[in-house]
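What follows is one structure encoded as structure tokens, with my remarks underneath.
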Amino acid sequence: MSPNIPQALVKGDTIAFVSPSARINNAIPWRLERATAILERAGYHVKIIHDPHVPHSPLSANVAARAEEVHSAFRDPTVKAIICCIGGSTANELLPALDPEIIRNNAKILTGGSDNTLLHHFCYVNGLRTFYGPSAINQFGEWPEPLSFTWEHFFQVTTTTQKPVGQMPRSVAFTEQVADRKTEPERIRNGTMRARVMKPSTGWRWLQSGGSEAVEGEIWGGCLPSLLQMMSTKWQVSYHEKIAFIETPKDYTLDVALCHFQDLRMRGIFEQIVGLVVGRPHGYSDADVQGWEDGMIRALEGYSFPVLANVDVGHTDPVLTIPLGARVRLDQGQDLWEVLEPGVC
């Protein structure tokens, strides 16, 4: 099935914020206020779709209300893009309550990461291209403003038509400093608020070259434990001849990461894919990064496809925006990862 490609964002469009999983809008409203303000200054309208009175129980009522927020964002003809507020751990509750016809018949940009991987699966199997990228709270709500790399790539991918997204850029600096979001207003008032500390990036690393030839395939992936959650469900995505990408969540210990990576082998994913992209892990020491990369190489014994690691994807900052299901190329000889088609129409 050919994907339904959403229309490009243009100045004056409305962007909706939704909370499919974690419900923390009221705990840190200044993050969404900041995200709203900067998007409005850039020429967009923002609509926050969030009912603070969604019941916690019974579960059926909670899920129905959250699903209706997502449905309303898709149904609203004035909304052209949907940005997930944040990830969480309860997106799996939501999927059975979503209406595929509403998603299928109202194509629009949807972006988010982490366990919104599950929502991306739902949309993909129902024919909609979505985007693995920034969230409203974490990226667009960054103080004092979104990181320029994240901002520029998101709008490049979601506003450009008629030509391919092209080469995926790489950041020269990144941060893994955990933002203390709850104390931001106090620190701003007393003058102690500081932007997160950036440090130089060590750049991409090719763990396997894949031989002398470049490889091409549709890009598909997400947060590693969320990808495993979706396997053997009715929303599972085929990895046949795809270029997969994986990224790892915060507080994800090396032993668990390697265990889950081995699960991909056990489930036959490596037999299906033609290439692999791996996001920069969050909070790992140099020794952990080396252990992660060595462990992946060990688990890939017998497979020769190219593997590109340490890219700006996932629980790192800044982040790329990946048009899911788009055709991409990996070429170790040219040190190249590129998207071969437009993300939007």
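All residue names refer to the structure tokens as shown: chains lettered A, B, ... in order, residues numbered from 1 in each chain, ligands numbered from 1 in order.
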Once DSSP has gone over the backbone, tell me which residues of segment 41-192 of chain A are in helix (DSSP H, G or I), as JSON, numbers by chain. {"A": [41, 59, 60, 61, 62, 63, 64, 65, 66, 67, 68, 69, 70, 71, 72, 73, 74, 75, 91, 92, 93, 94, 95, 96, 97, 100, 101, 102, 103, 104, 114, 115, 116, 117, 118, 119, 120, 121, 122, 123, 124, 125, 136, 137, 138, 139, 140, 148, 149, 150, 151, 152, 153, 154, 155, 156, 157, 158, 159, 181, 182, 183, 184, 185, 186, 187, 188, 189, 190]}
Residues of segment 190-232 of chain A that approach segment 121-136 of chain A to 12 Å or less, counting only C-alpha atoms: could you list each one with the shortest pair of atoms and its distance in Å to one decimal, rows by chain and increasing residue number, as CSV?
```
residue,atom,partner,partner_atom,distance
A:Glu218,CA,A:Arg129,CA,11.6
A:Ile219,CA,A:Tyr132,CA,10.6
A:Trp220,CA,A:Tyr132,CA,9.4
A:Gly221,CA,A:Tyr132,CA,8.6
A:Gly222,CA,A:Tyr132,CA,7.3
A:Cys223,CA,A:Tyr132,CA,9.8
A:Ser226,CA,A:His121,CA,10.0
A:Leu227,CA,A:His121,CA,8.9
A:Leu228,CA,A:His121,CA,11.7
A:Gln229,CA,A:His121,CA,10.7
A:Met230,CA,A:His121,CA,7.8
A:Met231,CA,A:His121,CA,10.3
```
Grab the residues selected above and save them as a PDB file, in the first residue's frame with all heavy atoms.
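What follows is the written file out-v6.pdb:
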```pdb
ATOM      1  N   GLU A 218      13.359   1.426   2.345  1.00  0.00           N
ATOM      2  CA  GLU A 218      12.516   2.288   3.166  1.00  0.00           C
ATOM      3  C   GLU A 218      13.086   2.340   4.584  1.00  0.00           C
ATOM      4  O   GLU A 218      13.540   1.332   5.121  1.00  0.00           O
ATOM      5  CB  GLU A 218      11.084   1.758   3.223  1.00  0.00           C
ATOM      6  CG  GLU A 218      10.311   1.886   1.941  1.00  0.00           C
ATOM      7  CD  GLU A 218       8.872   1.437   2.107  1.00  0.00           C
ATOM      8  OE1 GLU A 218       8.465   1.102   3.247  1.00  0.00           O
ATOM      9  OE2 GLU A 218       8.150   1.408   1.098  1.00  0.00           O
ATOM     10  N   ILE A 219      13.021   3.515   5.180  1.00  0.00           N
ATOM     11  CA  ILE A 219      13.509   3.671   6.547  1.00  0.00           C
ATOM     12  C   ILE A 219      12.374   3.397   7.528  1.00  0.00           C
ATOM     13  O   ILE A 219      11.259   3.894   7.370  1.00  0.00           O
ATOM     14  CB  ILE A 219      14.103   5.093   6.768  1.00  0.00           C
ATOM     15  CG1 ILE A 219      14.775   5.216   8.142  1.00  0.00           C
ATOM     16  CG2 ILE A 219      13.058   6.181   6.561  1.00  0.00           C
ATOM     17  CD1 ILE A 219      16.121   4.587   8.232  1.00  0.00           C
ATOM     18  N   TRP A 220      12.663   2.548   8.507  1.00  0.00           N
ATOM     19  CA  TRP A 220      11.660   2.265   9.546  1.00  0.00           C
ATOM     20  C   TRP A 220      12.364   1.958  10.857  1.00  0.00           C
ATOM     21  O   TRP A 220      13.398   1.294  10.879  1.00  0.00           O
ATOM     22  CB  TRP A 220      10.769   1.079   9.188  1.00  0.00           C
ATOM     23  CG  TRP A 220       9.744   0.895  10.261  1.00  0.00           C
ATOM     24  CD1 TRP A 220       9.757  -0.006  11.283  1.00  0.00           C
ATOM     25  CD2 TRP A 220       8.617   1.738  10.481  1.00  0.00           C
ATOM     26  NE1 TRP A 220       8.687   0.219  12.117  1.00  0.00           N
ATOM     27  CE2 TRP A 220       7.971   1.288  11.655  1.00  0.00           C
ATOM     28  CE3 TRP A 220       8.085   2.846   9.795  1.00  0.00           C
ATOM     29  CZ2 TRP A 220       6.818   1.898  12.158  1.00  0.00           C
ATOM     30  CZ3 TRP A 220       6.935   3.450  10.306  1.00  0.00           C
ATOM     31  CH2 TRP A 220       6.319   2.966  11.473  1.00  0.00           C
ATOM     32  N   GLY A 221      11.775   2.424  11.954  1.00  0.00           N
ATOM     33  CA  GLY A 221      12.355   2.109  13.256  1.00  0.00           C
ATOM     34  C   GLY A 221      11.741   2.947  14.350  1.00  0.00           C
ATOM     35  O   GLY A 221      10.614   3.425  14.256  1.00  0.00           O
ATOM     36  N   GLY A 222      12.525   3.133  15.416  1.00  0.00           N
ATOM     37  CA  GLY A 222      12.056   3.886  16.569  1.00  0.00           C
ATOM     38  C   GLY A 222      12.829   3.501  17.810  1.00  0.00           C
ATOM     39  O   GLY A 222      13.973   3.022  17.745  1.00  0.00           O
ATOM     40  N   CYS A 223      12.181   3.699  18.950  1.00  0.00           N
ATOM     41  CA  CYS A 223      12.786   3.387  20.244  1.00  0.00           C
ATOM     42  C   CYS A 223      12.809   1.866  20.422  1.00  0.00           C
ATOM     43  O   CYS A 223      11.772   1.208  20.272  1.00  0.00           O
ATOM     44  CB  CYS A 223      11.980   4.059  21.344  1.00  0.00           C
ATOM     45  SG  CYS A 223      12.742   4.017  22.966  1.00  0.00           S
ATOM     46  N   SER A 226      10.206  -0.129  22.382  1.00  0.00           N
ATOM     47  CA  SER A 226       8.890   0.060  21.772  1.00  0.00           C
ATOM     48  C   SER A 226       8.760  -0.761  20.491  1.00  0.00           C
ATOM     49  O   SER A 226       7.678  -1.299  20.192  1.00  0.00           O
ATOM     50  CB  SER A 226       8.649   1.541  21.475  1.00  0.00           C
ATOM     51  OG  SER A 226       8.640   2.305  22.665  1.00  0.00           O
ATOM     52  N   LEU A 227       9.838  -0.861  19.726  1.00  0.00           N
ATOM     53  CA  LEU A 227       9.807  -1.710  18.532  1.00  0.00           C
ATOM     54  C   LEU A 227       9.519  -3.155  18.903  1.00  0.00           C
ATOM     55  O   LEU A 227       8.731  -3.841  18.240  1.00  0.00           O
ATOM     56  CB  LEU A 227      11.142  -1.614  17.790  1.00  0.00           C
ATOM     57  CG  LEU A 227      11.492  -0.270  17.159  1.00  0.00           C
ATOM     58  CD1 LEU A 227      12.906  -0.313  16.581  1.00  0.00           C
ATOM     59  CD2 LEU A 227      10.494   0.113  16.077  1.00  0.00           C
ATOM     60  N   LEU A 228      10.153  -3.615  19.971  1.00  0.00           N
ATOM     61  CA  LEU A 228       9.922  -4.994  20.412  1.00  0.00           C
ATOM     62  C   LEU A 228       8.485  -5.179  20.882  1.00  0.00           C
ATOM     63  O   LEU A 228       7.879  -6.237  20.664  1.00  0.00           O
ATOM     64  CB  LEU A 228      10.904  -5.357  21.526  1.00  0.00           C
ATOM     65  CG  LEU A 228      12.380  -5.418  21.113  1.00  0.00           C
ATOM     66  CD1 LEU A 228      13.261  -5.596  22.342  1.00  0.00           C
ATOM     67  CD2 LEU A 228      12.633  -6.533  20.118  1.00  0.00           C
ATOM     68  N   GLN A 229       7.909  -4.153  21.533  1.00  0.00           N
ATOM     69  CA  GLN A 229       6.520  -4.233  21.970  1.00  0.00           C
ATOM     70  C   GLN A 229       5.571  -4.514  20.811  1.00  0.00           C
ATOM     71  O   GLN A 229       4.559  -5.207  20.965  1.00  0.00           O
ATOM     72  CB  GLN A 229       6.082  -2.908  22.606  1.00  0.00           C
ATOM     73  CG  GLN A 229       6.428  -2.716  24.066  1.00  0.00           C
ATOM     74  CD  GLN A 229       5.867  -1.407  24.571  1.00  0.00           C
ATOM     75  OE1 GLN A 229       6.398  -0.337  24.294  1.00  0.00           O
ATOM     76  NE2 GLN A 229       4.768  -1.477  25.305  1.00  0.00           N
ATOM     77  N   MET A 230       5.878  -3.934  19.648  1.00  0.00           N
ATOM     78  CA  MET A 230       4.940  -4.004  18.529  1.00  0.00           C
ATOM     79  C   MET A 230       5.024  -5.305  17.749  1.00  0.00           C
ATOM     80  O   MET A 230       4.136  -5.591  16.927  1.00  0.00           O
ATOM     81  CB  MET A 230       5.175  -2.820  17.583  1.00  0.00           C
ATOM     82  CG  MET A 230       4.902  -1.475  18.224  1.00  0.00           C
ATOM     83  SD  MET A 230       3.260  -1.387  18.984  1.00  0.00           S
ATOM     84  CE  MET A 230       2.209  -1.493  17.552  1.00  0.00           C
ATOM     85  N   MET A 231       6.063  -6.074  17.967  1.00  0.00           N
ATOM     86  CA  MET A 231       6.216  -7.317  17.219  1.00  0.00           C
ATOM     87  C   MET A 231       5.177  -8.344  17.675  1.00  0.00           C
ATOM     88  O   MET A 231       4.859  -8.453  18.846  1.00  0.00           O
ATOM     89  CB  MET A 231       7.640  -7.838  17.355  1.00  0.00           C
ATOM     90  CG  MET A 231       8.635  -6.920  16.669  1.00  0.00           C
ATOM     91  SD  MET A 231      10.362  -7.424  16.832  1.00  0.00           S
ATOM     92  CE  MET A 231      11.164  -6.018  16.046  1.00  0.00           C
TER      93      MET A 231
END
```
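Using only C-alpha atoms, the residues found no farther than 8 Å from Ala107 of chain A, other than those of its own chain fewer than 6 positions away, are Asn4, Ile5, Pro6, Gln7, Phe74 and Leu128 of chain A.
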Check the smallest atom-to-atom distance from each of A:Val79, A:Ala179, A:Val256, A:Leu308 to Gly210 of chain A using only C-alpha atoms, then report the winner. A:Leu308
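The gap separating atom CA of Trp337 of chain A from atom CA of Ala35 of chain A is 29.5 Å, in Å to one decimal.
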Write out as a PyMOL selection string all residues of segment 95-260 of chain A that backbone DSSP assigns to strand (DSSP E). chain A and resi 109-112+131-132+166-167+173-174+199-200+205-208+215-223+243-247
For atom CA of Asp255 of chain A and atom CA of Ile322 of chain A, quote the distance in Å rounded to one decimal. 27.5 Å
Ranking A:Ser72, A:Gln236, A:Thr78, A:Gln334 by minimum distance to Ile15 of chain A and counting only C-alpha atoms, which one comes first? A:Thr78
Within 12 Å of Asn138 of chain A, counting only C-alpha atoms, which residues qualify if same-chain residues fewer than 2 places away don't, as a ChimeraX atom specification? /A:24-25,28,30-32,34-35,83-87,112-114,133-136,140-143,145-147,150,178-181,314-319
Excluding Pro342 of chain A and any residue of its chain fewer than 5 positions from it, enumerate the residues within 12 Å of it, using only C-alpha atoms, and give them as a short mmCIF file (atom, residue, chain, number, x, y, z; two decimals) with all heavy atoms, in the first residue's frame.
```
data_model
loop_
_atom_site.label_atom_id
_atom_site.label_comp_id
_atom_site.auth_asym_id
_atom_site.auth_seq_id
_atom_site.Cartn_x
_atom_site.Cartn_y
_atom_site.Cartn_z
N ILE A 5 0.83 10.65 1.83
CA ILE A 5 1.85 11.64 2.20
C ILE A 5 1.16 12.93 2.63
O ILE A 5 0.34 13.48 1.88
CB ILE A 5 2.80 11.92 1.02
CG1 ILE A 5 3.37 10.62 0.45
CG2 ILE A 5 3.91 12.86 1.45
CD1 ILE A 5 4.19 9.82 1.41
N PRO A 6 1.44 13.44 3.81
CA PRO A 6 0.78 14.67 4.25
C PRO A 6 1.27 15.89 3.49
O PRO A 6 2.37 15.90 2.93
CB PRO A 6 1.16 14.76 5.73
CG PRO A 6 2.43 14.00 5.86
CD PRO A 6 2.35 12.90 4.84
N GLN A 7 0.43 16.92 3.48
CA GLN A 7 0.79 18.17 2.83
C GLN A 7 1.82 18.93 3.65
O GLN A 7 1.88 18.82 4.87
CB GLN A 7 -0.44 19.03 2.62
CG GLN A 7 -1.42 18.47 1.60
CD GLN A 7 -2.56 19.43 1.34
OE1 GLN A 7 -2.83 20.35 2.11
NE2 GLN A 7 -3.25 19.22 0.22
N ALA A 8 2.63 19.72 2.96
CA ALA A 8 3.68 20.50 3.60
C ALA A 8 3.09 21.59 4.49
O ALA A 8 2.00 22.12 4.23
CB ALA A 8 4.58 21.12 2.55
N ARG A 129 2.06 8.34 6.28
CA ARG A 129 3.46 8.63 6.64
C ARG A 129 3.49 9.58 7.83
O ARG A 129 2.82 10.61 7.85
CB ARG A 129 4.21 9.29 5.48
CG ARG A 129 5.57 9.89 5.93
CD ARG A 129 6.41 10.41 4.82
NE ARG A 129 6.81 9.31 3.96
CZ ARG A 129 7.34 9.48 2.76
NH1 ARG A 129 7.50 10.70 2.26
NH2 ARG A 129 7.70 8.43 2.04
N GLN A 156 12.87 21.92 7.46
CA GLN A 156 13.33 21.50 6.13
C GLN A 156 12.51 20.31 5.64
O GLN A 156 12.03 20.28 4.50
CB GLN A 156 14.80 21.12 6.15
CG GLN A 156 15.30 20.57 4.81
CD GLN A 156 16.63 19.85 4.91
OE1 GLN A 156 17.40 20.07 5.84
NE2 GLN A 156 16.92 18.98 3.97
N VAL A 157 12.32 19.31 6.51
CA VAL A 157 11.64 18.08 6.12
C VAL A 157 10.15 18.31 5.92
O VAL A 157 9.54 17.72 5.02
CB VAL A 157 11.88 16.98 7.18
CG1 VAL A 157 11.03 15.74 6.90
CG2 VAL A 157 13.36 16.60 7.22
N THR A 158 9.54 19.16 6.74
CA THR A 158 8.07 19.29 6.74
C THR A 158 7.55 20.44 5.88
O THR A 158 6.33 20.59 5.73
CB THR A 158 7.54 19.47 8.16
OG1 THR A 158 8.14 20.64 8.75
CG2 THR A 158 7.84 18.24 9.01
N THR A 159 8.44 21.24 5.28
CA THR A 159 7.98 22.34 4.44
C THR A 159 8.46 22.24 2.99
O THR A 159 7.99 23.00 2.14
CB THR A 159 8.43 23.71 4.99
OG1 THR A 159 9.87 23.80 4.95
CG2 THR A 159 7.95 23.92 6.42
N THR A 160 9.38 21.33 2.72
CA THR A 160 9.99 21.26 1.40
C THR A 160 9.30 20.23 0.52
O THR A 160 9.21 19.06 0.88
CB THR A 160 11.49 20.91 1.51
OG1 THR A 160 12.14 21.87 2.34
CG2 THR A 160 12.14 20.90 0.13
N THR A 161 8.82 20.66 -0.63
CA THR A 161 8.21 19.77 -1.61
C THR A 161 9.04 19.79 -2.89
O THR A 161 9.99 20.58 -3.02
CB THR A 161 6.77 20.19 -1.93
OG1 THR A 161 6.78 21.51 -2.49
CG2 THR A 161 5.91 20.19 -0.67
N GLN A 162 8.72 18.92 -3.80
CA GLN A 162 9.31 18.90 -5.15
C GLN A 162 10.74 18.41 -5.22
O GLN A 162 11.26 18.17 -6.30
CB GLN A 162 9.24 20.30 -5.81
CG GLN A 162 7.87 20.93 -5.81
CD GLN A 162 6.84 20.09 -6.53
OE1 GLN A 162 7.12 19.51 -7.57
NE2 GLN A 162 5.64 20.00 -5.96
N LYS A 163 11.41 18.26 -4.09
CA LYS A 163 12.77 17.74 -4.13
C LYS A 163 13.00 16.87 -2.90
O LYS A 163 12.36 17.06 -1.87
CB LYS A 163 13.81 18.86 -4.20
CG LYS A 163 13.88 19.76 -2.99
CD LYS A 163 15.00 20.79 -3.17
CE LYS A 163 15.13 21.68 -1.93
NZ LYS A 163 16.25 22.66 -2.09
N PRO A 164 13.93 15.90 -3.01
CA PRO A 164 14.18 15.00 -1.88
C PRO A 164 14.67 15.75 -0.64
O PRO A 164 15.27 16.83 -0.74
CB PRO A 164 15.26 14.05 -2.41
CG PRO A 164 15.16 14.13 -3.90
CD PRO A 164 14.74 15.54 -4.19
N VAL A 165 14.44 15.14 0.52
CA VAL A 165 14.99 15.68 1.76
C VAL A 165 16.50 15.78 1.64
O VAL A 165 17.12 16.73 2.11
CB VAL A 165 14.59 14.78 2.95
CG1 VAL A 165 15.36 15.18 4.22
CG2 VAL A 165 13.09 14.84 3.19
N GLY A 166 17.12 14.77 1.01
CA GLY A 166 18.56 14.81 0.75
C GLY A 166 19.40 14.28 1.89
O GLY A 166 18.93 13.49 2.73
N GLN A 167 20.64 14.73 1.93
CA GLN A 167 21.59 14.20 2.90
C GLN A 167 21.16 14.57 4.33
O GLN A 167 20.79 15.70 4.60
CB GLN A 167 22.98 14.75 2.64
CG GLN A 167 23.58 14.29 1.32
CD GLN A 167 25.02 14.74 1.14
OE1 GLN A 167 25.74 14.94 2.12
NE2 GLN A 167 25.44 14.88 -0.10
N ILE A 322 12.88 12.26 10.81
CA ILE A 322 12.95 11.17 9.85
C ILE A 322 11.57 10.91 9.26
O ILE A 322 10.63 10.58 10.00
CB ILE A 322 13.48 9.89 10.50
CG1 ILE A 322 14.87 10.12 11.11
CG2 ILE A 322 13.53 8.74 9.49
CD1 ILE A 322 15.40 8.92 11.88
N PRO A 323 11.40 11.04 7.94
CA PRO A 323 10.12 10.69 7.32
C PRO A 323 9.99 9.17 7.21
O PRO A 323 10.64 8.53 6.38
CB PRO A 323 10.20 11.36 5.94
CG PRO A 323 11.66 11.47 5.64
CD PRO A 323 12.37 11.57 6.96
N LEU A 324 9.17 8.59 8.06
CA LEU A 324 9.08 7.14 8.16
C LEU A 324 8.50 6.54 6.88
O LEU A 324 7.51 7.02 6.33
CB LEU A 324 8.24 6.75 9.36
CG LEU A 324 8.86 7.12 10.70
CD1 LEU A 324 7.84 6.98 11.83
CD2 LEU A 324 10.10 6.29 11.00
N GLY A 325 9.14 5.48 6.41
CA GLY A 325 8.70 4.81 5.20
C GLY A 325 9.27 5.41 3.93
O GLY A 325 9.06 4.87 2.83
N ALA A 326 10.01 6.52 4.04
CA ALA A 326 10.64 7.11 2.86
C ALA A 326 11.84 6.27 2.44
O ALA A 326 12.47 5.59 3.25
CB ALA A 326 11.08 8.54 3.15
N ARG A 327 12.15 6.33 1.15
CA ARG A 327 13.29 5.57 0.64
C ARG A 327 14.57 6.33 0.95
O ARG A 327 14.67 7.54 0.71
CB ARG A 327 13.16 5.33 -0.87
CG ARG A 327 14.10 4.26 -1.38
CD ARG A 327 13.61 3.65 -2.68
NE ARG A 327 14.46 2.53 -3.07
CZ ARG A 327 14.29 1.29 -2.63
NH1 ARG A 327 13.30 1.02 -1.80
NH2 ARG A 327 15.09 0.32 -3.02
N VAL A 328 15.56 5.61 1.50
CA VAL A 328 16.83 6.23 1.87
C VAL A 328 17.99 5.40 1.33
O VAL A 328 17.82 4.26 0.90
CB VAL A 328 16.97 6.38 3.41
CG1 VAL A 328 15.78 7.13 3.99
CG2 VAL A 328 17.12 5.02 4.09
#
```
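Excluding Arg170 of chain A itself and any same-chain residue fewer than 5 positions from it, the protein and nucleic acid residues within 8 Å of it, counting only C-alpha atoms, are Gly203, Trp204, Val311 and Asp312 of chain A.
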Please write the residues from the selection above to a file, keeping C-alpha atoms, as a CSV table (one decimal), in the first residue's frame.
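In the end it all went to result.csv:
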```
chain,number,residue,atom,x,y,z
A,203,GLY,CA,30.6,12.2,14.7
A,204,TRP,CA,29.1,9.2,12.9
A,311,VAL,CA,23.6,9.7,14.7
A,312,ASP,CA,21.3,12.4,16.0
```
Pick out the residues sitting within 8 Å of segment 199-202 of chain A, and hand them over as a ChimeraX atom specification; count only C-alpha atoms, and ignore anything fewer than 2 positions along from it in its own chain. /A:171-175,197,204
